[in-house]
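With mmCIF, C-alpha atoms and all ligand atoms; chains and numbers go by the auth columns inside, this is run_12.cif:
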```cif
data_my_file
#
loop_
_atom_site.group_PDB
_atom_site.id
_atom_site.type_symbol
_atom_site.label_atom_id
_atom_site.label_comp_id
_atom_site.label_asym_id
_atom_site.label_seq_id
_atom_site.Cartn_x
_atom_site.Cartn_y
_atom_site.Cartn_z
_atom_site.B_iso_or_equiv
_atom_site.auth_seq_id
_atom_site.auth_asym_id
ATOM 1 C CA MET A 1 157.380 -31.695 -0.949 0.00 1 K
ATOM 2 C CA ALA A 2 158.205 -35.409 -0.750 0.00 2 K
ATOM 3 C CA PRO A 3 159.019 -36.700 2.740 0.00 3 K
ATOM 4 C CA LYS A 4 162.703 -37.127 3.462 0.00 4 K
ATOM 5 C CA TYR A 5 163.976 -40.576 2.506 0.00 5 K
ATOM 6 C CA HIS A 6 165.667 -42.544 5.278 0.00 6 K
ATOM 7 C CA PRO A 7 167.431 -45.649 3.890 0.00 7 K
ATOM 8 C CA THR A 8 165.809 -48.747 5.431 0.00 8 K
ATOM 9 C CA PRO A 9 168.305 -50.476 7.740 0.00 9 K
ATOM 10 C CA VAL A 10 168.982 -54.138 6.991 0.00 10 K
ATOM 11 C CA SER A 11 168.358 -55.529 10.446 0.00 11 K
ATOM 12 C CA GLY A 12 164.944 -55.488 12.112 0.00 12 K
ATOM 13 C CA SER A 13 166.204 -54.001 15.354 0.00 13 K
ATOM 14 C CA HIS A 14 167.823 -51.118 13.454 0.00 14 K
ATOM 15 C CA ARG A 15 164.552 -50.564 11.576 0.00 15 K
ATOM 16 C CA LYS A 16 162.702 -50.401 14.904 0.00 16 K
ATOM 17 C CA ALA A 17 165.342 -48.027 16.302 0.00 17 K
ATOM 18 C CA LEU A 18 164.983 -45.732 13.249 0.00 18 K
ATOM 19 C CA GLN A 19 161.170 -45.638 13.641 0.00 19 K
ATOM 20 C CA LYS A 20 161.603 -44.780 17.319 0.00 20 K
ATOM 21 C CA GLU A 21 164.087 -41.996 16.495 0.00 21 K
ATOM 22 C CA LEU A 22 161.724 -40.535 13.886 0.00 22 K
ATOM 23 C CA ARG A 23 158.788 -40.552 16.328 0.00 23 K
ATOM 24 C CA ALA A 24 160.959 -38.872 18.964 0.00 24 K
ATOM 25 C CA SER A 25 162.123 -36.263 16.456 0.00 25 K
ATOM 26 C CA HIS A 26 158.552 -35.452 15.364 0.00 26 K
ATOM 27 C CA GLY A 27 157.537 -35.183 19.011 0.00 27 K
ATOM 28 C CA MET A 28 160.469 -32.872 19.731 0.00 28 K
ATOM 29 C CA ALA A 29 159.621 -30.674 16.718 0.00 29 K
ATOM 30 C CA ARG A 30 156.011 -30.326 17.910 0.00 30 K
ATOM 31 C CA MET A 31 157.072 -29.545 21.465 0.00 31 K
ATOM 32 C CA LEU A 32 159.593 -26.892 20.382 0.00 32 K
ATOM 33 C CA ALA A 33 157.046 -25.264 18.057 0.00 33 K
ATOM 34 C CA ASP A 34 154.473 -25.209 20.882 0.00 34 K
ATOM 35 C CA GLN A 35 157.007 -23.619 23.232 0.00 35 K
ATOM 36 C CA SER A 36 157.829 -21.047 20.570 0.00 36 K
ATOM 37 C CA ASP A 37 154.117 -20.193 20.123 0.00 37 K
ATOM 38 C CA GLU A 38 153.657 -19.907 23.861 0.00 38 K
ATOM 39 C CA LEU A 39 156.652 -17.592 24.318 0.00 39 K
ATOM 40 C CA ARG A 40 155.598 -15.489 21.335 0.00 40 K
ATOM 41 C CA SER A 41 152.127 -14.938 22.749 0.00 41 K
ATOM 42 C CA LYS A 42 153.636 -14.086 26.154 0.00 42 K
ATOM 43 C CA ALA A 43 155.961 -11.627 24.400 0.00 43 K
ATOM 44 C CA ASP A 44 153.016 -10.071 22.510 0.00 44 K
ATOM 45 C CA ALA A 45 151.168 -9.638 25.807 0.00 45 K
ATOM 46 C CA LEU A 46 154.255 -8.029 27.388 0.00 46 K
ATOM 47 C CA ILE A 47 154.695 -5.661 24.439 0.00 47 K
ATOM 48 C CA ARG A 48 151.013 -4.729 24.698 0.00 48 K
ATOM 49 C CA GLN A 49 151.502 -4.033 28.390 0.00 49 K
ATOM 50 C CA ALA A 50 154.641 -1.969 27.671 0.00 50 K
ATOM 51 C CA ASP A 51 152.758 0.035 25.028 0.00 51 K
ATOM 52 C CA ARG A 52 149.871 0.652 27.439 0.00 52 K
ATOM 53 C CA LEU A 53 152.276 1.876 30.154 0.00 53 K
ATOM 54 C CA LEU A 54 154.034 4.131 27.642 0.00 54 K
ATOM 55 C CA CYS A 55 150.692 5.727 26.724 0.00 55 K
ATOM 56 C CA GLU A 56 149.734 6.157 30.383 0.00 56 K
ATOM 57 C CA SER A 57 153.127 7.707 31.094 0.00 57 K
ATOM 58 C CA TRP A 58 152.702 10.136 28.182 0.00 58 K
ATOM 59 C CA ASN A 59 149.208 11.067 29.409 0.00 59 K
ATOM 60 C CA GLU A 60 150.619 11.816 32.860 0.00 60 K
ATOM 61 C CA ARG A 61 153.295 14.060 31.388 0.00 61 K
ATOM 62 C CA MET A 62 150.777 15.777 29.101 0.00 62 K
ATOM 63 C CA TRP A 63 148.553 16.446 32.109 0.00 63 K
ATOM 64 C CA ALA A 64 151.430 17.704 34.256 0.00 64 K
ATOM 65 C CA ASP A 65 153.460 19.610 31.673 0.00 65 K
ATOM 66 C CA GLY A 66 151.164 20.049 28.658 0.00 66 K
ATOM 67 C CA GLU A 67 152.227 20.610 25.060 0.00 67 K
ATOM 68 C CA PRO A 68 152.768 17.774 22.642 0.00 68 K
ATOM 69 C CA ILE A 69 155.663 16.157 24.404 0.00 69 K
ATOM 70 C CA ASP A 70 158.439 14.580 22.408 0.00 70 K
ATOM 71 C CA PRO A 71 159.112 11.682 22.685 0.00 71 K
ATOM 72 C CA SER A 72 155.638 10.235 22.529 0.00 72 K
ATOM 73 C CA PRO A 73 154.334 6.764 21.703 0.00 73 K
ATOM 74 C CA THR A 74 153.926 5.918 18.037 0.00 74 K
ATOM 75 C CA VAL A 75 150.420 5.612 16.637 0.00 75 K
ATOM 76 C CA ASP A 76 150.893 1.843 16.439 0.00 76 K
ATOM 77 C CA GLN A 77 152.033 1.657 20.061 0.00 77 K
ATOM 78 C CA ALA A 78 148.947 3.602 21.114 0.00 78 K
ATOM 79 C CA LEU A 79 146.701 1.277 19.104 0.00 79 K
ATOM 80 C CA ASN A 80 148.450 -1.824 20.428 0.00 80 K
ATOM 81 C CA GLY A 81 148.379 -0.481 23.980 0.00 81 K
ATOM 82 C CA GLY A 82 144.620 -0.006 23.908 0.00 82 K
ATOM 83 C CA PHE A 83 144.529 3.765 23.371 0.00 83 K
ATOM 84 C CA PRO A 84 142.916 4.174 19.945 0.00 84 K
ATOM 85 C CA TRP A 85 141.589 7.695 20.618 0.00 85 K
ATOM 86 C CA LEU A 86 143.416 10.999 20.857 0.00 86 K
ATOM 87 C CA GLU A 87 141.648 13.912 22.507 0.00 87 K
ATOM 88 C CA ILE A 88 142.445 17.274 20.952 0.00 88 K
ATOM 89 C CA GLU A 89 141.264 20.802 21.556 0.00 89 K
ATOM 90 C CA CYS A 90 141.019 23.556 19.003 0.00 90 K
ATOM 91 C CA SER A 91 143.275 26.476 19.942 0.00 91 K
ATOM 92 C CA ARG A 92 140.647 28.917 18.575 0.00 92 K
ATOM 93 C CA CYS A 93 137.148 27.699 19.493 0.00 93 K
ATOM 94 C CA ARG A 94 138.289 25.494 22.404 0.00 94 K
ATOM 95 C CA ILE A 95 136.048 22.675 21.248 0.00 95 K
ATOM 96 C CA LYS A 96 137.342 19.230 22.164 0.00 96 K
ATOM 97 C CA ARG A 97 137.238 16.402 19.714 0.00 97 K
ATOM 98 C CA ASP A 98 138.325 12.759 19.607 0.00 98 K
ATOM 99 C CA VAL A 99 140.490 11.584 16.764 0.00 99 K
ATOM 100 C CA SER A 100 140.399 7.913 15.844 0.00 100 K
ATOM 101 C CA LEU A 101 144.048 6.930 15.468 0.00 101 K
ATOM 102 C CA ALA A 102 143.140 3.779 13.553 0.00 102 K
ATOM 103 C CA GLU A 103 141.364 5.805 10.875 0.00 103 K
ATOM 104 C CA LEU A 104 144.114 8.383 10.613 0.00 104 K
ATOM 105 C CA PRO A 105 146.351 7.864 7.597 0.00 105 K
ATOM 106 C CA HIS A 106 149.787 7.218 9.090 0.00 106 K
ATOM 107 C CA VAL A 107 152.948 5.193 8.835 0.00 107 K
ATOM 108 C CA ASP A 108 153.951 2.779 11.608 0.00 108 K
ATOM 109 C CA SER A 109 156.601 5.117 12.978 0.00 109 K
ATOM 110 C CA THR A 110 154.438 8.252 13.211 0.00 110 K
ATOM 111 C CA CYS A 111 154.670 9.616 16.753 0.00 111 K
ATOM 112 C CA ILE A 112 151.632 11.066 18.506 0.00 112 K
ATOM 113 C CA HIS A 113 153.341 14.415 19.098 0.00 113 K
ATOM 114 C CA ASP A 114 153.966 14.744 15.362 0.00 114 K
ATOM 115 C CA LEU A 115 150.202 14.799 14.816 0.00 115 K
ATOM 116 C CA ALA A 116 149.964 18.226 16.457 0.00 116 K
ATOM 117 C CA THR A 117 150.840 19.987 13.232 0.00 117 K
ATOM 118 C CA ARG A 118 148.528 17.809 11.130 0.00 118 K
ATOM 119 C CA LEU A 119 145.289 17.928 13.101 0.00 119 K
ATOM 120 C CA ARG A 120 143.054 20.931 12.557 0.00 120 K
ATOM 121 C CA CYS A 121 139.624 21.822 13.838 0.00 121 K
ATOM 122 C CA GLU A 122 136.991 21.068 11.212 0.00 122 K
ATOM 123 C CA ARG A 123 134.663 23.697 12.656 0.00 123 K
ATOM 124 C CA CYS A 124 137.280 26.394 12.135 0.00 124 K
ATOM 125 C CA ALA A 125 138.262 25.122 8.706 0.00 125 K
ATOM 126 C CA ASN A 126 137.113 28.387 7.165 0.00 126 K
ATOM 127 C CA ALA A 127 138.927 30.627 9.605 0.00 127 K
ATOM 128 C CA ARG A 128 141.516 32.766 7.875 0.00 128 K
ATOM 129 C CA LYS A 129 144.403 30.920 9.449 0.00 129 K
ATOM 130 C CA ARG A 130 143.352 27.368 10.283 0.00 130 K
ATOM 131 C CA PRO A 131 144.139 27.065 13.984 0.00 131 K
ATOM 132 C CA LEU A 132 146.311 24.259 15.311 0.00 132 K
ATOM 133 C CA ALA A 133 144.911 21.605 17.584 0.00 133 K
ATOM 134 C CA THR A 134 146.247 21.193 21.077 0.00 134 K
ATOM 135 C CA LEU A 135 146.874 17.565 21.968 0.00 135 K
ATOM 136 C CA LEU A 136 145.357 16.610 25.301 0.00 136 K
ATOM 137 C CA GLN A 137 145.570 12.876 25.950 0.00 137 K
ATOM 138 C CA LEU A 138 145.340 9.351 24.604 0.00 138 K
ATOM 139 C CA MET A 139 142.151 7.540 25.481 0.00 139 K
ATOM 140 C CA PRO A 140 140.957 3.936 25.507 0.00 140 K
ATOM 141 C CA ARG A 141 137.425 5.005 24.597 0.00 141 K
ATOM 142 C CA ARG A 142 135.874 7.870 22.694 0.00 142 K
ATOM 143 C CA ARG A 143 134.644 10.598 24.984 0.00 143 K
ATOM 144 C CA HIS A 144 133.129 13.258 22.759 0.00 144 K
ATOM 145 C CA ALA A 145 130.333 12.676 20.316 0.00 145 K
ATOM 146 C CA GLU A 146 131.033 12.891 16.619 0.00 146 K
ATOM 147 C CA GLU A 147 131.208 16.517 15.591 0.00 147 K
ATOM 148 C CA ALA A 148 128.326 17.609 13.395 0.00 148 K
ATOM 149 C CA PRO A 149 129.633 18.448 9.938 0.00 149 K
HETATM 150 ZN ZN ZN B . 137.962 25.298 16.263 0.00 1 U
#
```

As structure tokens - that is how I would like this structure written.
Ligand SMILES: [Zn+2]
Amino acid sequence: MAPKYHPTPVSGSHRKALQKELRASHGMARMLADQSDELRSKADALIRQADRLLCESWNERMWADGEPIDPSPTVDQALNGGFPWLEIECSRCRIKRDVSLAELPHVDSTCIHDLATRLRCERCANARKRPLATLLQLMPRRRHAEEAP
């Protein structure tokens, strides 16, 4: 894109004034863009903090009340909040397993509690009626070793 054309003023002092105005305008544009970047990164950090608190709050309620509680954070909120693991327990064999939320096929708006009906124990895959998983908590780090296939 060609730079915007400013008609050259006839008098020297007007030319100088125009140059000064252009420098000031470029400076202002840079400053505003920097402020915008700074606020956006502060906002991202605040959203991350809000997502982390939401996950911690859900964990507290899961511990106190149990069951996959609705509402729950979305998968993306859990990932953004630093809780990329979901601990589940098979309702049949009682084996606990960690599910990597990042590797789980999902849409942005999928809520954690909605996963209860989708997650099944791999060990009990051949049981007559594949048992449902019980959701336990969101976790920042994996706790259980990878299940042997
Ligand atoms: Zn099982």

Report task. Identify which of the residues K:Ala24, K:Asp70, K:Asp98, K:Leu79 lies closest to Arg48 in chain K, counting only C-alpha atoms when measuring atom-to-atom distances. Result -> K:Leu79

Report summary line: With distances taken over only C-alpha atoms and all ligand atoms, the candidate from K:Thr117, K:Ser36, K:Ser91, K:Asn126 nearest ligand ZN 1 (chain U) is K:Ser91

Report task. May I have the residues within 8 Å of ligand ZN 1 (chain U), computed using all atoms listed in the file, as an NGL selection string? Result -> :K and (89-95 or 120-125 or 131 or 133)

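Evaluated against the shown file, the PyMOL selection byres (((chain K and resi 100-107) around 7) and not hetatm) gives Val75, Pro84, Trp85, Leu86, Asp98, Val99, Asp108, Ser109 and Thr110 of chain K.
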
**Report entry** Explicit residues for the PyMOL selection byres (((chain K and resi 54) around 9) and not hetatm) (as a PyMOL selection string)
**Finding:** chain K and resi 49-53+55-59+72-73+77-78+81

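Interatomic distance, CA of Leu138 in chain K to CA of Phe83 in chain K: 5.8 Å.
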
Query raised in the report: Interatomic distance between CA of Glu60 in chain K and CA of Leu132 in chain K?
Result: 21.9 Å

Query raised in the report: Which residue out of K:Leu46, K:Ile112, K:Ala17, K:Met139 has the minimum interatomic distance to Thr74 in chain K when all atoms listed in the file are used?
Result: K:Ile112

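Our summary of the geometry notes that CA of Pro3 in chain K is positioned 28.9 Å from CA of Leu39 in chain K.
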
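With the shown file loaded, the PyMOL selection byres (((chain K and resi 6) around 12) and not hetatm) picks out Ala2, Pro3, Lys4, Tyr5, Pro7, Thr8, Pro9, Arg15, Leu18, Gln19, Glu21 and Leu22 of chain K.
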
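Among the candidates K:Lys42, K:Arg142, K:Arg30, K:His14, the one nearest to Lys96 in chain K when counting all atoms listed in the file is K:Arg142.
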
Assuming the input is short of atoms at range 13-40 of chain K, produce N, CA and C atoms for that part as a short mmCIF file (atom, residue, chain, number, x, y, z; two decimals), in the coordinates of the input.
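Result written to rebuild_35.cif:
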```cif
data_model
loop_
_atom_site.label_atom_id
_atom_site.label_comp_id
_atom_site.auth_asym_id
_atom_site.auth_seq_id
_atom_site.Cartn_x
_atom_site.Cartn_y
_atom_site.Cartn_z
N SER K 13 166.06 -54.83 14.16
CA SER K 13 166.20 -54.00 15.35
C SER K 13 166.62 -52.58 14.97
N HIS K 14 167.44 -52.47 13.92
CA HIS K 14 167.82 -51.12 13.45
C HIS K 14 166.64 -50.39 12.85
N ARG K 15 165.76 -51.18 12.14
CA ARG K 15 164.55 -50.56 11.58
C ARG K 15 163.68 -50.00 12.69
N LYS K 16 163.51 -50.83 13.76
CA LYS K 16 162.70 -50.40 14.90
C LYS K 16 163.31 -49.15 15.55
N ALA K 17 164.65 -49.16 15.68
CA ALA K 17 165.34 -48.03 16.30
C ALA K 17 165.13 -46.76 15.47
N LEU K 18 165.19 -46.89 14.14
CA LEU K 18 164.98 -45.73 13.25
C LEU K 18 163.57 -45.17 13.43
N GLN K 19 162.56 -46.08 13.45
CA GLN K 19 161.17 -45.64 13.64
C GLN K 19 161.02 -44.87 14.96
N LYS K 20 161.67 -45.40 16.00
CA LYS K 20 161.60 -44.78 17.32
C LYS K 20 162.23 -43.37 17.28
N GLU K 21 163.40 -43.29 16.61
CA GLU K 21 164.09 -42.00 16.50
C GLU K 21 163.22 -40.98 15.74
N LEU K 22 162.56 -41.44 14.69
CA LEU K 22 161.72 -40.53 13.89
C LEU K 22 160.53 -40.03 14.71
N ARG K 23 159.91 -40.98 15.47
CA ARG K 23 158.79 -40.55 16.33
C ARG K 23 159.26 -39.51 17.35
N ALA K 24 160.42 -39.79 17.96
CA ALA K 24 160.96 -38.87 18.96
C ALA K 24 161.24 -37.50 18.34
N SER K 25 161.78 -37.51 17.12
CA SER K 25 162.12 -36.26 16.46
C SER K 25 160.86 -35.45 16.13
N HIS K 26 159.82 -36.16 15.64
CA HIS K 26 158.55 -35.45 15.36
C HIS K 26 157.96 -34.87 16.65
N GLY K 27 158.04 -35.66 17.72
CA GLY K 27 157.54 -35.18 19.01
C GLY K 27 158.30 -33.96 19.47
N MET K 28 159.62 -34.00 19.32
CA MET K 28 160.47 -32.87 19.73
C MET K 28 160.13 -31.63 18.91
N ALA K 29 159.94 -31.81 17.59
CA ALA K 29 159.62 -30.67 16.72
C ALA K 29 158.32 -30.02 17.15
N ARG K 30 157.30 -30.87 17.46
CA ARG K 30 156.01 -30.33 17.91
C ARG K 30 156.17 -29.56 19.22
N MET K 31 156.91 -30.16 20.16
CA MET K 31 157.07 -29.54 21.46
C MET K 31 157.78 -28.19 21.36
N LEU K 32 158.85 -28.15 20.53
CA LEU K 32 159.59 -26.89 20.38
C LEU K 32 158.72 -25.82 19.73
N ALA K 33 157.92 -26.23 18.73
CA ALA K 33 157.05 -25.26 18.06
C ALA K 33 156.00 -24.74 19.04
N ASP K 34 155.46 -25.64 19.88
CA ASP K 34 154.47 -25.21 20.88
C ASP K 34 155.09 -24.22 21.86
N GLN K 35 156.32 -24.53 22.30
CA GLN K 35 157.01 -23.62 23.23
C GLN K 35 157.23 -22.26 22.58
N SER K 36 157.60 -22.29 21.30
CA SER K 36 157.83 -21.05 20.57
C SER K 36 156.54 -20.23 20.50
N ASP K 37 155.41 -20.89 20.18
CA ASP K 37 154.12 -20.19 20.12
C ASP K 37 153.77 -19.57 21.47
N GLU K 38 154.01 -20.37 22.52
CA GLU K 38 153.66 -19.91 23.86
C GLU K 38 154.47 -18.66 24.25
N LEU K 39 155.79 -18.74 24.00
CA LEU K 39 156.65 -17.59 24.32
C LEU K 39 156.27 -16.37 23.49
N ARG K 40 155.94 -16.61 22.20
CA ARG K 40 155.60 -15.49 21.34
C ARG K 40 154.32 -14.80 21.84
#
```
